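J.: I am sharing entry-v4.cif, which consists of mmCIF, C-alpha atoms (C1' of nucleotides):
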data_protein
#
loop_
_atom_site.label_atom_id
_atom_site.label_comp_id
_atom_site.auth_asym_id
_atom_site.auth_seq_id
_atom_site.Cartn_x
_atom_site.Cartn_y
_atom_site.Cartn_z
CA MET A 1 0.00 0.00 0.00
CA THR A 2 1.06 3.56 -0.58
CA GLU A 3 2.13 5.70 2.34
CA LEU A 4 -0.12 8.67 1.91
CA LEU A 5 0.95 10.24 5.19
CA ILE A 6 4.50 11.06 4.09
CA PRO A 7 4.56 14.60 2.71
CA ASP A 8 6.16 15.14 -0.62
CA VAL A 9 8.70 17.47 0.94
CA ASN A 10 10.34 14.57 2.74
CA ARG A 11 11.23 12.91 -0.53
CA VAL A 12 14.50 13.51 -2.33
CA ASN A 13 14.40 15.50 -5.58
CA CYS A 14 10.77 16.49 -5.17
CA PRO A 15 9.59 19.77 -6.66
CA SER A 16 8.34 21.19 -3.36
CA ARG A 17 11.77 21.03 -1.79
CA VAL A 18 13.28 23.16 -4.50
CA ILE A 19 10.54 25.75 -4.19
CA LEU A 20 10.82 25.74 -0.42
CA GLU A 21 14.53 26.31 -0.71
CA HIS A 22 14.01 29.32 -2.94
CA VAL A 23 11.54 30.80 -0.50
CA THR A 24 13.55 30.02 2.64
CA SER A 25 16.95 30.77 1.17
CA ARG A 26 19.19 33.22 2.95
CA TRP A 27 18.31 36.12 0.66
CA GLY A 28 14.94 34.85 -0.51
CA VAL A 29 13.41 35.35 2.91
CA LEU A 30 14.68 38.89 3.21
CA VAL A 31 13.70 39.88 -0.31
CA LEU A 32 10.17 38.54 0.09
CA ALA A 33 9.77 40.27 3.43
CA ALA A 34 10.97 43.57 1.96
CA LEU A 35 8.66 43.37 -1.04
CA LEU A 36 5.71 42.69 1.21
CA GLU A 37 5.87 46.28 2.39
CA ARG A 38 6.18 47.86 -1.03
CA SER A 39 7.84 47.47 -4.41
CA TYR A 40 11.53 48.23 -4.74
CA ARG A 41 13.99 49.11 -7.44
CA PHE A 42 17.02 46.87 -7.77
CA SER A 43 19.59 49.05 -6.07
CA GLU A 44 17.07 50.23 -3.52
CA LEU A 45 16.49 46.64 -2.53
CA ARG A 46 20.20 46.07 -2.44
CA ARG A 47 20.60 48.85 0.09
CA HIS A 48 17.60 47.71 2.10
CA VAL A 49 18.76 44.12 2.49
CA GLY A 50 22.05 44.51 4.28
CA GLY A 51 25.01 42.54 3.00
CA VAL A 52 23.52 41.15 -0.19
CA SER A 53 25.82 41.25 -3.20
CA GLU A 54 24.63 42.35 -6.61
CA LYS A 55 25.09 38.86 -7.92
CA MET A 56 23.11 37.13 -5.22
CA LEU A 57 20.32 39.68 -5.36
CA ALA A 58 19.95 39.23 -9.10
CA GLN A 59 20.08 35.47 -8.75
CA THR A 60 17.52 35.46 -5.93
CA LEU A 61 15.15 37.74 -7.80
CA GLN A 62 15.37 35.62 -10.92
CA ALA A 63 14.53 32.44 -9.05
CA LEU A 64 11.59 34.13 -7.34
CA GLU A 65 10.42 35.62 -10.59
CA ARG A 66 10.58 32.31 -12.41
CA ASP A 67 8.65 30.63 -9.61
CA GLY A 68 5.91 33.22 -10.02
CA PHE A 69 6.45 35.03 -6.73
CA VAL A 70 7.95 38.24 -8.03
CA LEU A 71 7.04 40.49 -10.91
CA ARG A 72 9.81 42.30 -12.75
CA ASP A 73 8.91 45.59 -14.39
CA ALA A 74 11.71 46.98 -16.55
CA LYS A 75 10.83 50.47 -17.71
CA PRO A 76 12.30 51.40 -21.11
CA VAL A 77 14.11 54.49 -19.91
CA ILE A 78 17.70 55.60 -19.70
CA PRO A 79 19.19 55.03 -17.24
CA PRO A 80 17.36 51.73 -16.73
CA ARG A 81 14.75 51.51 -14.03
CA VAL A 82 13.52 48.12 -12.90
CA ASP A 83 10.86 47.69 -10.27
CA TYR A 84 10.23 44.49 -8.40
CA ALA A 85 6.92 43.66 -6.77
CA LEU A 86 5.13 40.61 -5.42
CA THR A 87 2.54 38.68 -7.38
CA PRO A 88 -0.56 37.51 -5.49
CA LEU A 89 1.14 34.13 -5.09
CA GLY A 90 4.25 35.88 -3.84
CA GLU A 91 2.24 37.83 -1.31
CA GLU A 92 1.01 34.61 0.22
CA ALA A 93 4.53 33.27 0.50
CA ALA A 94 5.94 36.57 1.73
CA GLY A 95 3.25 36.85 4.37
CA GLN A 96 4.35 33.58 5.89
CA VAL A 97 8.09 34.14 5.78
CA SER A 98 7.72 37.69 7.03
CA SER A 99 5.61 36.47 9.91
CA LEU A 100 8.29 33.93 10.70
CA ALA A 101 11.01 36.57 10.55
CA ARG A 102 9.10 38.81 12.92
CA TRP A 103 8.48 35.91 15.29
CA VAL A 104 12.21 35.17 15.34
CA GLU A 105 12.99 38.79 16.12
CA ARG A 106 10.65 38.71 19.10
CA ARG A 107 12.20 35.48 20.34
CA VAL A 108 15.83 36.50 20.10
CA PRO A 109 16.10 36.92 23.89
CA ASP A 110 14.65 33.46 24.52
CA VAL A 111 17.10 31.89 22.09
CA GLN A 112 20.03 33.71 23.60
CA ALA A 113 18.99 32.51 27.03
CA ALA A 114 18.69 28.94 25.74
CA ARG A 115 22.16 29.15 24.23
CA ALA A 116 23.67 30.45 27.43
CA ALA A 117 22.11 27.57 29.35
CA TYR A 118 23.26 25.04 26.74
CA ASP A 119 26.81 26.35 26.67
CA GLU A 120 27.05 26.41 30.43
CA ALA A 121 25.72 22.86 30.73
CA LYS A 122 28.51 21.77 28.40
CA ALA A 123 31.19 23.36 30.53
CA MET B 1 17.76 60.04 14.39
CA THR B 2 17.58 56.30 14.54
CA GLU B 3 15.72 54.40 11.86
CA LEU B 4 13.31 52.41 13.94
CA LEU B 5 11.47 51.07 10.91
CA ILE B 6 14.30 48.92 9.63
CA PRO B 7 13.91 45.44 11.08
CA ASP B 8 16.91 43.94 12.80
CA VAL B 9 16.90 41.10 10.31
CA ASN B 10 17.94 43.44 7.51
CA ARG B 11 21.16 44.24 9.27
CA VAL B 12 24.37 42.32 8.74
CA ASN B 13 25.60 40.10 11.58
CA CYS B 14 22.45 40.51 13.62
CA PRO B 15 21.41 37.67 15.93
CA SER B 16 18.01 37.21 14.34
CA ARG B 17 19.51 36.36 10.97
CA VAL B 18 21.50 33.51 12.41
CA ILE B 19 18.47 32.09 14.19
CA LEU B 20 16.35 32.49 11.10
CA GLU B 21 18.95 30.62 9.10
CA HIS B 22 18.91 27.73 11.54
CA VAL B 23 15.14 27.53 11.34
CA THR B 24 14.89 27.94 7.58
CA SER B 25 17.94 25.89 6.70
CA ARG B 26 17.57 23.06 4.24
CA TRP B 27 17.34 20.37 6.93
CA GLY B 28 16.13 22.57 9.77
CA VAL B 29 12.76 23.08 8.11
CA LEU B 30 12.24 19.37 7.52
CA VAL B 31 13.39 18.35 10.99
CA LEU B 32 11.12 20.88 12.69
CA ALA B 33 8.16 19.84 10.57
CA ALA B 34 8.77 16.18 11.38
CA LEU B 35 9.06 16.78 15.12
CA LEU B 36 5.83 18.72 15.09
CA GLU B 37 3.95 15.49 14.52
CA ARG B 38 5.75 13.45 17.18
CA SER B 39 9.13 12.82 18.74
CA TYR B 40 11.68 10.79 16.82
CA ARG B 41 14.78 8.77 17.48
CA PHE B 42 17.90 9.77 15.59
CA SER B 43 17.92 7.06 12.95
CA GLU B 44 14.15 7.15 12.69
CA LEU B 45 14.36 10.82 11.83
CA ARG B 46 17.12 10.06 9.38
CA ARG B 47 14.89 7.66 7.53
CA HIS B 48 11.93 10.03 7.68
CA VAL B 49 13.75 13.01 6.21
CA GLY B 50 14.82 11.74 2.84
CA GLY B 51 18.38 12.40 1.75
CA VAL B 52 19.80 13.81 4.96
CA SER B 53 23.23 12.53 5.87
CA GLU B 54 24.10 11.43 9.36
CA LYS B 55 26.45 14.32 9.71
CA MET B 56 24.00 17.00 8.63
CA LEU B 57 21.23 15.60 10.79
CA ALA B 58 23.45 15.65 13.87
CA GLN B 59 24.63 19.15 13.06
CA THR B 60 21.10 20.42 12.45
CA LEU B 61 19.77 18.88 15.64
CA GLN B 62 22.59 20.36 17.66
CA ALA B 63 21.97 23.86 16.34
CA LEU B 64 18.24 23.54 17.03
CA GLU B 65 18.90 22.14 20.48
CA ARG B 66 21.29 24.92 21.37
CA ASP B 67 18.79 27.52 20.19
CA GLY B 68 16.21 26.02 22.51
CA PHE B 69 13.93 24.57 19.85
CA VAL B 70 14.67 20.90 20.33
CA LEU B 71 15.02 18.76 23.43
CA ARG B 72 17.46 15.85 23.36
CA ASP B 73 16.69 12.92 25.61
CA ALA B 74 19.50 10.36 25.73
CA LYS B 75 18.42 7.29 27.64
CA PRO B 76 21.25 5.46 29.46
CA VAL B 77 20.68 2.11 27.80
CA ILE B 78 22.64 -0.17 25.52
CA PRO B 79 22.31 0.11 22.65
CA PRO B 80 21.92 3.89 22.96
CA ARG B 81 18.50 5.41 22.47
CA VAL B 82 18.12 9.14 21.92
CA ASP B 83 14.78 10.81 21.47
CA TYR B 84 14.32 14.25 20.01
CA ALA B 85 11.27 16.39 20.67
CA LEU B 86 10.25 20.01 20.34
CA THR B 87 10.31 22.46 23.23
CA PRO B 88 7.37 24.86 23.53
CA LEU B 89 9.48 27.47 21.74
CA GLY B 90 10.29 24.92 19.07
CA GLU B 91 6.63 24.14 18.59
CA GLU B 92 5.95 27.75 17.76
CA ALA B 93 8.74 27.79 15.19
CA ALA B 94 7.81 24.41 13.79
CA GLY B 95 4.19 25.42 13.43
CA GLN B 96 5.18 28.26 11.17
CA VAL B 97 7.69 26.42 9.01
CA SER B 98 5.43 23.42 8.72
CA SER B 99 2.59 25.65 7.63
CA LEU B 100 4.86 27.18 5.03
CA ALA B 101 5.96 23.77 3.80
CA ARG B 102 2.37 22.63 3.42
CA TRP B 103 1.49 25.84 1.61
CA VAL B 104 4.34 25.24 -0.83
CA GLU B 105 3.16 21.69 -1.46
CA ARG B 106 -0.30 22.95 -2.32
CA ARG B 107 1.14 25.57 -4.66
CA VAL B 108 3.49 23.32 -6.60
CA PRO B 109 1.21 23.31 -9.66
CA ASP B 110 1.00 27.11 -9.68
CA VAL B 111 4.76 27.42 -9.49
CA GLN B 112 5.27 24.89 -12.25
CA ALA B 113 2.84 26.81 -14.44
CA ALA B 114 4.66 30.05 -13.69
CA ARG B 115 7.95 28.45 -14.62
CA ALA B 116 6.59 27.13 -17.88
CA ALA B 117 5.31 30.59 -18.78
CA TYR B 118 8.60 32.19 -17.78
CA ASP B 119 10.69 29.74 -19.75
CA GLU B 120 8.52 30.07 -22.80
CA ALA B 121 8.62 33.86 -22.68
CA LYS B 122 12.41 33.59 -22.69
CA ALA B 123 12.42 31.46 -25.80
"C1'" DC C 1 21.34 51.96 -13.40
"C1'" DT C 2 20.77 47.17 -14.12
"C1'" DG C 3 22.47 43.74 -14.97
"C1'" DC C 4 25.67 39.47 -17.10
"C1'" DA C 5 30.19 36.86 -17.39
"C1'" DT C 6 34.20 35.42 -15.25
"C1'" DC C 7 37.20 34.02 -11.79
"C1'" DC C 8 38.11 32.90 -7.18
"C1'" DT C 9 37.33 31.79 -2.18
"C1'" DA C 10 34.68 30.15 1.60
"C1'" DA C 11 31.16 27.47 3.31
"C1'" DA C 12 27.93 23.71 3.15
"C1'" DT C 13 27.34 19.13 2.36
"C1'" DG C 14 28.37 14.26 1.41
"C1'" DA C 15 31.07 9.70 1.93
"C1'" DT C 16 33.54 6.94 4.64
"C1'" DA C 17 35.72 5.08 8.54
"C1'" DC C 18 35.76 4.78 13.28
"C1'" DT C 19 34.34 4.99 18.62
"C1'" DG C 20 31.55 4.53 23.10
"C1'" DC D 1 22.44 2.97 17.93
"C1'" DA D 2 24.13 7.37 17.94
"C1'" DG D 3 27.14 9.71 17.03
"C1'" DT D 4 32.46 11.95 15.88
"C1'" DA D 5 36.42 12.78 12.74
"C1'" DT D 6 38.31 13.24 8.46
"C1'" DC D 7 38.56 13.97 3.74
"C1'" DA D 8 36.59 15.01 -0.81
"C1'" DT D 9 33.28 17.43 -3.37
"C1'" DT D 10 29.74 20.57 -4.44
"C1'" DT D 11 27.60 24.75 -4.00
"C1'" DA D 12 27.05 29.40 -2.35
"C1'" DG D 13 28.93 33.57 -2.35
"C1'" DG D 14 31.91 37.67 -3.40
"C1'" DA D 15 34.95 40.71 -6.47
"C1'" DT D 16 35.77 42.58 -10.61
"C1'" DG D 17 35.17 44.10 -15.24
"C1'" DC D 18 32.16 45.14 -18.88
"C1'" DA D 19 27.75 45.89 -21.78
"C1'" DG D 20 23.08 47.85 -22.82
#
Could the structure of this file be written out as structure tokens, please?

T.:
Amino acid sequence: MTELLIPDVNRVNCPSRVILEHVTSRWGVLVLAALLERSYRFSELRRHVGGVSEKMLAQTLQALERDGFVLRDAKPVIPPRVDYALTPLGEEAAGQVSSLARWVERRVPDVQAARAAYDEAKA
Amino acid sequence: MTELLIPDVNRVNCPSRVILEHVTSRWGVLVLAALLERSYRFSELRRHVGGVSEKMLAQTLQALERDGFVLRDAKPVIPPRVDYALTPLGEEAAGQVSSLARWVERRVPDVQAARAAYDEAKA
DNA sequence: CTGCATCCTAAATGATACTG
DNA sequence: CAGTATCATTTAGGATGCAG
């Protein structure tokens, strides 16, 4: 019989894992959370998300765009102006990762306390 | 004046980013989601989460334990038996990542359609 | 300004062998 | 069984230069 209870995401090489990794990637999370507030231009986003390189930002945005989470709007002007915004699908994803990010920020003290206890128990 | 509107997570080397990366890491997500259902033994978890190596599972569990998300219960028997379970803090985190994972699974068809459209538009 | 292409380094991950 | 240690490999990431 088939094991219907095992989620797809626990299988190797399944499509959902790849998507999940785009959404939860180091820069993917931060980009989605930023775009949830408003749309951003490329270099604006680069300044907003601290520490992201040009290369990684472009790469992250392309993956999110291809997955249908982000909409790229390149205006035919000189100098180039490209705006990035969330699609409706992207808003759903961004809502969840942003909520998670905010939860983590609230729990930083708890985690730091847990680490202190863990490290002391080791010593 | 200080920019109070910029979340901590957008800053480089902030504590919340590190925590977020533990929680959203490739194996962290899957381990948390698994432990949300029930507690697991080490090798049981290894079989449940497809493709995870022994080394990465141990490393992931240690990071989650140190952060206060996972409780490790090593029973003094031979052969060794170690159970892993979520702490209350871990349950909160796991609830969110698991919800995200399930959302992604439901949206796989939408993403695949978006990719097909994207790839075709390129060609 | 918004990228892409290239090269290079650092970090994550995997495979294997080994220990209590 | 539940890991640790080591080595090899893969991948992520950063720096730079250049084009539209």

J.: Which is closer to DA12 in chain C than all the others in B:Met56, B:Leu89, B:Leu100, B:Val111, using all atoms listed in the file?

T.: B:Met56

J.: Report as a Markdown table: every residue of chain A with an atom at most 10 Å from chain C, its closest pair of atoms, and their distance in Å to one decimal, counting all atoms listed in the file, with rows sorted by chain and ascending residue number.

T.:
| residue | atom | partner | partner_atom | distance |
| --- | --- | --- | --- | --- |
| A:Arg41 | CA | C:DT2 | C1' | 9.7 |
| A:Phe42 | CA | C:DT2 | C1' | 7.4 |
| A:Ser43 | CA | C:DC1 | C1' | 8.1 |
| A:Glu54 | CA | C:DG3 | C1' | 8.7 |
| A:Lys55 | CA | C:DG3 | C1' | 9.0 |
| A:Ala58 | CA | C:DG3 | C1' | 7.8 |
| A:Ala74 | CA | C:DT2 | C1' | 9.4 |
| A:Ile78 | CA | C:DC1 | C1' | 8.1 |
| A:Pro79 | CA | C:DC1 | C1' | 5.4 |
| A:Pro80 | CA | C:DC1 | C1' | 5.2 |
| A:Arg81 | CA | C:DC1 | C1' | 6.6 |
| A:Val82 | CA | C:DT2 | C1' | 7.4 |

J.: Starting from the PyMOL selection byres ((chain A) within 6 of (chain B)), expand the selection into actual residues of this file and give them as an NGL selection string.

T.: :A and (10-12 or 16 or 24 or 49-51 or 66-68 or 105 or 111 or 114-115 or 118)

J.: Kindly export the residues of the current selection with C-alpha atoms, as a CSV table (one decimal), in the coordinates of the input.

T.:
chain,number,residue,atom,x,y,z
A,10,ASN,CA,10.3,14.6,2.7
A,11,ARG,CA,11.2,12.9,-0.5
A,12,VAL,CA,14.5,13.5,-2.3
A,16,SER,CA,8.3,21.2,-3.4
A,24,THR,CA,13.6,30.0,2.6
A,49,VAL,CA,18.8,44.1,2.5
A,50,GLY,CA,22.0,44.5,4.3
A,51,GLY,CA,25.0,42.5,3.0
A,66,ARG,CA,10.6,32.3,-12.4
A,67,ASP,CA,8.6,30.6,-9.6
A,68,GLY,CA,5.9,33.2,-10.0
A,105,GLU,CA,13.0,38.8,16.1
A,111,VAL,CA,17.1,31.9,22.1
A,114,ALA,CA,18.7,28.9,25.7
A,115,ARG,CA,22.2,29.2,24.2
A,118,TYR,CA,23.3,25.0,26.7

J.: Could you tell me how far C1' of DG3 in chain D sits from CA of Ala121 in chain A, in Å to one decimal place?

T.: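 Answer for the CA of Ala121 in chain A to C1' of DG3 in chain D separation: 19.0 Å.
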
J.: Kindly provide, as a VMD selection string, the residues of chain D having any atom no farther than 10 Å from an atom of chain A, counting only C-alpha atoms (C1' of nucleotides).

T.: chain D and resid 12 to 15 20

J.: If you measure from CA of Ala123 in chain B to CA of Gln62 in chain A, what distance in Å do you get, rounded to one decimal?

T.: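 Distance reported for this atom pair: 15.7 Å.
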